[in-house]
Amino acid sequence: MENNIYAKPFVKWAGGKKQLLMEFNGRLPTHLKESGTIKRYVEPFVGGGAMFFFLKRHYFIGESILLDINRELVMAYQVIKNDHKSLIAFLKDIEDNHLNKDEDGRKKNYYKIREIYNSEGHNFDFENYNTKWIERTGHFIFMNKTCFNGLFRQNKKGEFNVPFGLYKNPRIYDENNIKLVNQALKDTEVICSDFTNSEIHITENTFVYLDPPYRPLTKTSNFTNYSKYGFNDIDQVKLASFFKKLDQIGAYLMLSNSDPKNEDLNDEFFDKLYIGYNIERVSAKRNINRDASGRGIVNELIVTNY
Ligand SMILES: C[S@@+](CC[C@H](N)C(=O)[O-])C[C@H]1O[C@@H](n2cnc3c(N)ncnc32)[C@H](O)[C@@H]1O
């Protein structure tokens, strides 16, 4: 077990922003950097929360509101916030039971848990917190750490359909980190919702970081299916109008996205959508992709309104 003293993401998440954190940090509003304080932080597409945990480590944050449309992910945050000790006990059993098997046994175990997870998902009560949430979150974290590439992908019926991943010694959970995440989630509300519903939490001076699903780099390499709801160009346009609305409220906004110019130098999609705001291009290593050849250095866009 590592004994870090700062919380970090507890799941692998496509589009995780670990490599870009210093670029974001350098571009935070000056008054936040100088005071070291963020009174109110809202993140409408939180995913694995790399930015949230980074900010928690380096700034004093008064209040945070995190949203994501993926209800399994949001449930996991809520379980860690409400009952991390039971979750740790459950994960310990899962890990012991998994790691004492050979490769074939682990594979069977993975598919058995995936089947339980999918069959229980149909009538699951995602609305009211109950002890079943602990087991489901345990299964969710287990699959995240043992499935192919740590992807989260569902079919149209909402069933998790990622195959088993080959890892020599998968680390299923980090007890110390789950305790730290529990601490980091104090004064934090985590909501399962569409990004548009974050508006009621955003006031003048709120700092908002938006990291929507990527616009696919190529027509075949799209990974924007974090949930059964996709995110297409119409959603990107809707998001740009939302950005303008939040700008008018007086919030400080930072948005990141993939740069379509990586693919096509003439693609002005985001340059047009965010015209009038600051648009910068920084290099990033892209990790989740269909095949290894898709991994490499690409530009990422950072848009700010200050
Ligand atoms: C690029 S990821 C965010 C990654 C995150 N920054 C990290 O470091 O892990 C985009 C997230 O947006 C969520 N999402 C997709 N559509 C959404 C919507 N309409 N409203 C809110 N969240 C959405 C996905 O579930 C996914 O977790």
# chains A, B, ... in the order shown; residues from 1 in each chain; ligands from 1
$ residues_around --residues "Leu73 in chain A" --least-positions-apart "2" --cutoff "9 Å" --atoms "only C-alpha atoms" --output "list in words"
Val11, Gly47, Gly48, Asp68, Ile69, Asn70, Arg71, Met75, Ala76, Tyr77, Gln78, Thr137, Phe140 and Cys192 of chain A
$ write_last_selection --atoms "N, CA and C atoms" --output "mmCIF file, in the first residue's frame"
data_model
loop_
_atom_site.group_PDB
_atom_site.id
_atom_site.type_symbol
_atom_site.label_atom_id
_atom_site.label_comp_id
_atom_site.auth_asym_id
_atom_site.auth_seq_id
_atom_site.Cartn_x
_atom_site.Cartn_y
_atom_site.Cartn_z
ATOM 1 N N VAL A 11 -10.531 5.602 -9.742
ATOM 2 C CA VAL A 11 -10.804 4.763 -10.917
ATOM 3 C C VAL A 11 -9.923 5.237 -12.074
ATOM 4 N N GLY A 47 -15.856 12.814 -14.148
ATOM 5 C CA GLY A 47 -15.109 11.590 -14.486
ATOM 6 C C GLY A 47 -14.309 11.094 -13.292
ATOM 7 N N GLY A 48 -13.041 10.769 -13.521
ATOM 8 C CA GLY A 48 -12.181 10.279 -12.435
ATOM 9 C C GLY A 48 -11.747 11.388 -11.476
ATOM 10 N N ASP A 68 -21.719 14.261 -12.943
ATOM 11 C CA ASP A 68 -21.414 13.404 -14.079
ATOM 12 C C ASP A 68 -22.700 12.666 -14.419
ATOM 13 N N ILE A 69 -22.870 12.331 -15.690
ATOM 14 C CA ILE A 69 -24.101 11.654 -16.099
ATOM 15 C C ILE A 69 -24.021 10.146 -15.835
ATOM 16 N N ASN A 70 -22.818 9.653 -15.573
ATOM 17 C CA ASN A 70 -22.640 8.216 -15.362
ATOM 18 C C ASN A 70 -23.040 7.854 -13.926
ATOM 19 N N ARG A 71 -24.207 7.197 -13.795
ATOM 20 C CA ARG A 71 -24.741 6.976 -12.450
ATOM 21 C C ARG A 71 -23.940 5.954 -11.652
ATOM 22 N N MET A 75 -22.445 6.965 -8.123
ATOM 23 C CA MET A 75 -22.761 6.116 -6.979
ATOM 24 C C MET A 75 -21.474 5.781 -6.212
ATOM 25 N N ALA A 76 -20.409 5.505 -6.939
ATOM 26 C CA ALA A 76 -19.134 5.163 -6.286
ATOM 27 C C ALA A 76 -18.625 6.339 -5.436
ATOM 28 N N TYR A 77 -18.714 7.552 -5.980
ATOM 29 C CA TYR A 77 -18.326 8.726 -5.181
ATOM 30 C C TYR A 77 -19.190 8.805 -3.918
ATOM 31 N N GLN A 78 -20.492 8.551 -4.086
ATOM 32 C CA GLN A 78 -21.385 8.704 -2.932
ATOM 33 C C GLN A 78 -21.126 7.639 -1.874
ATOM 34 N N THR A 137 -20.806 -0.843 -6.013
ATOM 35 C CA THR A 137 -19.611 -0.007 -6.191
ATOM 36 C C THR A 137 -18.354 -0.864 -6.109
ATOM 37 N N PHE A 140 -18.038 -2.449 -9.376
ATOM 38 C CA PHE A 140 -17.669 -1.419 -10.359
ATOM 39 C C PHE A 140 -16.154 -1.142 -10.291
ATOM 40 N N CYS A 192 -25.575 13.065 -9.894
ATOM 41 C CA CYS A 192 -25.687 12.397 -11.190
ATOM 42 C C CYS A 192 -26.645 13.213 -12.039
#
$ residues_near_ligand --ligand "ligand 1" --cutoff "8 Å" --atoms "only C-alpha atoms and all ligand atoms" --output "mmCIF file with N, CA and C atoms, in the first residue's frame"
data_model
loop_
_atom_site.group_PDB
_atom_site.id
_atom_site.type_symbol
_atom_site.label_atom_id
_atom_site.label_comp_id
_atom_site.auth_asym_id
_atom_site.auth_seq_id
_atom_site.Cartn_x
_atom_site.Cartn_y
_atom_site.Cartn_z
ATOM 1 N N PRO A 9 -7.449 10.092 -8.103
ATOM 2 C CA PRO A 9 -8.595 9.355 -8.651
ATOM 3 C C PRO A 9 -8.597 7.888 -8.202
ATOM 4 N N LYS A 12 -9.655 4.319 -12.993
ATOM 5 C CA LYS A 12 -9.017 4.709 -14.256
ATOM 6 C C LYS A 12 -10.145 5.272 -15.087
ATOM 7 N N TRP A 13 -9.943 6.394 -15.737
ATOM 8 C CA TRP A 13 -11.074 6.956 -16.485
ATOM 9 C C TRP A 13 -10.607 7.506 -17.823
ATOM 10 N N ALA A 14 -11.307 7.137 -18.872
ATOM 11 C CA ALA A 14 -10.945 7.626 -20.203
ATOM 12 C C ALA A 14 -10.962 9.150 -20.198
ATOM 13 N N GLY A 15 -9.939 9.735 -20.774
ATOM 14 C CA GLY A 15 -9.904 11.200 -20.814
ATOM 15 C C GLY A 15 -9.391 11.782 -19.513
ATOM 16 N N GLY A 16 -8.836 10.936 -18.641
ATOM 17 C CA GLY A 16 -8.266 11.423 -17.380
ATOM 18 C C GLY A 16 -7.227 12.506 -17.670
ATOM 19 N N LYS A 17 -7.157 13.513 -16.828
ATOM 20 C CA LYS A 17 -6.379 14.700 -17.177
ATOM 21 C C LYS A 17 -5.061 14.831 -16.438
ATOM 22 N N LYS A 18 -4.546 13.715 -15.931
ATOM 23 C CA LYS A 18 -3.334 13.757 -15.114
ATOM 24 C C LYS A 18 -2.184 14.525 -15.786
ATOM 25 N N PRO A 44 -18.738 20.032 -13.962
ATOM 26 C CA PRO A 44 -19.925 19.350 -14.511
ATOM 27 C C PRO A 44 -19.656 18.008 -15.204
ATOM 28 N N PHE A 45 -18.388 17.694 -15.517
ATOM 29 C CA PHE A 45 -18.070 16.397 -16.166
ATOM 30 C C PHE A 45 -16.928 15.765 -15.362
ATOM 31 N N VAL A 46 -17.184 15.372 -14.140
ATOM 32 C CA VAL A 46 -16.049 15.092 -13.234
ATOM 33 C C VAL A 46 -15.241 13.854 -13.598
ATOM 34 N N GLY A 47 -15.856 12.814 -14.148
ATOM 35 C CA GLY A 47 -15.109 11.590 -14.486
ATOM 36 C C GLY A 47 -14.309 11.094 -13.292
ATOM 37 N N GLY A 48 -13.041 10.769 -13.521
ATOM 38 C CA GLY A 48 -12.181 10.279 -12.435
ATOM 39 C C GLY A 48 -11.747 11.388 -11.476
ATOM 40 N N GLY A 49 -11.979 12.639 -11.858
ATOM 41 C CA GLY A 49 -11.743 13.751 -10.934
ATOM 42 C C GLY A 49 -10.297 14.189 -10.776
ATOM 43 N N ALA A 50 -9.449 13.955 -11.794
ATOM 44 C CA ALA A 50 -8.034 14.326 -11.663
ATOM 45 C C ALA A 50 -7.872 15.800 -11.265
ATOM 46 N N MET A 51 -8.646 16.682 -11.891
ATOM 47 C CA MET A 51 -8.520 18.122 -11.604
ATOM 48 C C MET A 51 -9.022 18.439 -10.191
ATOM 49 N N LEU A 67 -20.428 16.905 -10.900
ATOM 50 C CA LEU A 67 -21.524 16.217 -11.598
ATOM 51 C C LEU A 67 -20.958 15.290 -12.662
ATOM 52 N N ASP A 68 -21.719 14.261 -12.943
ATOM 53 C CA ASP A 68 -21.414 13.404 -14.079
ATOM 54 C C ASP A 68 -22.700 12.666 -14.419
ATOM 55 N N ILE A 69 -22.870 12.331 -15.690
ATOM 56 C CA ILE A 69 -24.101 11.654 -16.099
ATOM 57 C C ILE A 69 -24.021 10.146 -15.835
ATOM 58 N N ASN A 70 -22.818 9.653 -15.573
ATOM 59 C CA ASN A 70 -22.640 8.216 -15.362
ATOM 60 C C ASN A 70 -23.040 7.854 -13.926
ATOM 61 N N LEU A 73 -20.667 5.679 -11.727
ATOM 62 C CA LEU A 73 -19.522 6.435 -11.233
ATOM 63 C C LEU A 73 -19.936 7.342 -10.065
ATOM 64 N N CYS A 192 -25.575 13.065 -9.894
ATOM 65 C CA CYS A 192 -25.687 12.397 -11.190
ATOM 66 C C CYS A 192 -26.645 13.213 -12.039
ATOM 67 N N SER A 193 -26.126 13.860 -13.035
ATOM 68 C CA SER A 193 -26.987 14.723 -13.825
ATOM 69 C C SER A 193 -26.315 15.164 -15.119
ATOM 70 N N ASP A 194 -27.130 15.659 -16.016
ATOM 71 C CA ASP A 194 -26.626 16.273 -17.233
ATOM 72 C C ASP A 194 -25.919 17.591 -16.845
ATOM 73 N N PHE A 195 -24.907 17.955 -17.600
ATOM 74 C CA PHE A 195 -24.117 19.155 -17.257
ATOM 75 C C PHE A 195 -24.961 20.419 -17.120
ATOM 76 N N THR A 196 -26.069 20.496 -17.867
ATOM 77 C CA THR A 196 -26.882 21.724 -17.842
ATOM 78 C C THR A 196 -27.452 21.995 -16.446
ATOM 79 N N LEU A 210 -14.613 22.550 -17.045
ATOM 80 C CA LEU A 210 -15.454 21.674 -17.870
ATOM 81 C C LEU A 210 -14.589 20.798 -18.763
ATOM 82 N N ASP A 211 -14.776 19.502 -18.624
ATOM 83 C CA ASP A 211 -13.988 18.562 -19.436
ATOM 84 C C ASP A 211 -14.935 17.553 -20.088
ATOM 85 N N PRO A 212 -15.630 17.975 -21.134
ATOM 86 C CA PRO A 212 -16.634 17.102 -21.753
ATOM 87 C C PRO A 212 -15.979 15.935 -22.487
ATOM 88 N N PRO A 213 -16.775 14.936 -22.875
ATOM 89 C CA PRO A 213 -16.231 13.857 -23.702
ATOM 90 C C PRO A 213 -15.580 14.443 -24.950
ATOM 91 N N TYR A 214 -14.500 13.816 -25.364
ATOM 92 C CA TYR A 214 -13.781 14.288 -26.536
ATOM 93 C C TYR A 214 -14.624 14.231 -27.786
ATOM 94 N N THR A 224 -16.358 8.048 -26.695
ATOM 95 C CA THR A 224 -17.118 9.068 -25.983
ATOM 96 C C THR A 224 -18.285 8.411 -25.262
ATOM 97 N N ASN A 225 -18.292 7.069 -25.254
ATOM 98 C CA ASN A 225 -19.423 6.372 -24.636
ATOM 99 C C ASN A 225 -19.164 6.029 -23.186
ATOM 100 N N TYR A 226 -19.143 7.039 -22.345
ATOM 101 C CA TYR A 226 -18.949 6.806 -20.928
ATOM 102 C C TYR A 226 -20.238 6.282 -20.313
ATOM 103 N N SER A 227 -21.302 6.384 -21.023
ATOM 104 C CA SER A 227 -22.590 5.946 -20.500
ATOM 105 C C SER A 227 -23.387 5.575 -21.734
ATOM 106 N N TYR A 229 -25.525 7.242 -22.905
ATOM 107 C CA TYR A 229 -25.779 8.487 -23.628
ATOM 108 C C TYR A 229 -24.477 8.914 -24.299
ATOM 109 N N GLY A 230 -24.506 9.156 -25.576
ATOM 110 C CA GLY A 230 -23.281 9.590 -26.257
ATOM 111 C C GLY A 230 -23.106 11.102 -26.114
ATOM 112 N N PHE A 231 -22.121 11.651 -26.789
ATOM 113 C CA PHE A 231 -21.910 13.107 -26.774
ATOM 114 C C PHE A 231 -21.441 13.483 -28.167
ATOM 115 N N ASP A 235 -24.245 18.159 -29.000
ATOM 116 C CA ASP A 235 -24.005 18.382 -27.563
ATOM 117 C C ASP A 235 -22.870 19.393 -27.356
ATOM 118 N N ASN A 257 -10.675 20.302 -24.284
ATOM 119 C CA ASN A 257 -11.204 19.351 -25.262
ATOM 120 C C ASN A 257 -10.080 18.928 -26.198
#
$ closest_residue --among "A:Phe152, A:Phe10, A:Phe160, A:Phe207" --to "Leu55 in chain A" --atoms "only C-alpha atoms"
A:Phe207
$ residues_around --residues "range 174-177 of chain A" --least-positions-apart "4" --cutoff "10 Å" --atoms "only C-alpha atoms" --output "list in words"
Met1, Glu2, Asn3, Asn4, Ile5, Tyr6, Ala7, Lys8, Pro9, Phe10, His84, Lys85, Leu87, Ile88, Ala89, Leu91, Lys92, Val181, Asn182 and Gln183 of chain A
$ residues_around --residues "Gly121 in chain A" --least-positions-apart "6" --cutoff "9 Å" --atoms "only C-alpha atoms" --output "VMD selection string"
chain A and resid 136 158 to 159
$ write_last_selection --atoms "N, CA and C atoms" --output "mmCIF file, in the first residue's frame"
data_model
loop_
_atom_site.group_PDB
_atom_site.id
_atom_site.type_symbol
_atom_site.label_atom_id
_atom_site.label_comp_id
_atom_site.auth_asym_id
_atom_site.auth_seq_id
_atom_site.Cartn_x
_atom_site.Cartn_y
_atom_site.Cartn_z
ATOM 1 N N ARG A 136 -22.398 -2.980 -5.225
ATOM 2 C CA ARG A 136 -22.333 -2.610 -6.647
ATOM 3 C C ARG A 136 -21.102 -1.742 -6.934
ATOM 4 N N GLY A 158 -27.703 -0.758 -21.403
ATOM 5 C CA GLY A 158 -27.060 -0.268 -20.186
ATOM 6 C C GLY A 158 -26.199 -1.325 -19.516
ATOM 7 N N GLU A 159 -25.881 -2.414 -20.253
ATOM 8 C CA GLU A 159 -25.035 -3.462 -19.664
ATOM 9 C C GLU A 159 -23.555 -3.174 -19.924
#
$ closest_residue --among "A:Val79, A:Ile94, A:Leu255, A:Leu151" --to "Tyr274 in chain A" --atoms "only C-alpha atoms"
A:Leu255
$ closest_residue --among "A:Lys285, A:Arg114, A:Arg215, A:Lys101" --to "Cys147 in chain A" --atoms "only C-alpha atoms"
A:Arg114
$ closest_residue --among "A:Ser283, A:Gly276, A:Glu72, A:Gly105" --to "Val298 in chain A" --atoms "only C-alpha atoms"
A:Ser283
$ select_by_dssp --residues "range 65-272 of chain A" --states "strand (DSSP E or B)" --output "list in words"
Ile65, Leu66, Leu67, Asp68, Cys147, Gln154, Phe160, Phe164, Thr188, Glu189, Val190, Ile191, Cys192, Phe207, Val208, Tyr209, Leu210, Tyr252, Leu253, Met254, Leu255, Ser256, Asn257 and Ser258 of chain A
$ atom_distance --atom1 "CA of Asn161 in chain A" --atom2 "CA of Tyr117 in chain A"
10.7 Å
$ select_by_dssp --residues "range 24-153 of chain A" --states "helix (DSSP H, G or I)" --output "ChimeraX atom specification"
/A:24-26,30-35,50-58,71-99,103-121,132-146,148-150
$ residues_around --residues "Lys145 in chain A" --least-positions-apart "4" --cutoff "9 Å" --atoms "only C-alpha atoms" --output "PyMOL selection string"
chain A and resi 11-12+140-141+149-150+165+170-173
$ atom_distance --atom1 "CA of Phe53 in chain A" --atom2 "CA of Leu253 in chain A"
17.8 Å
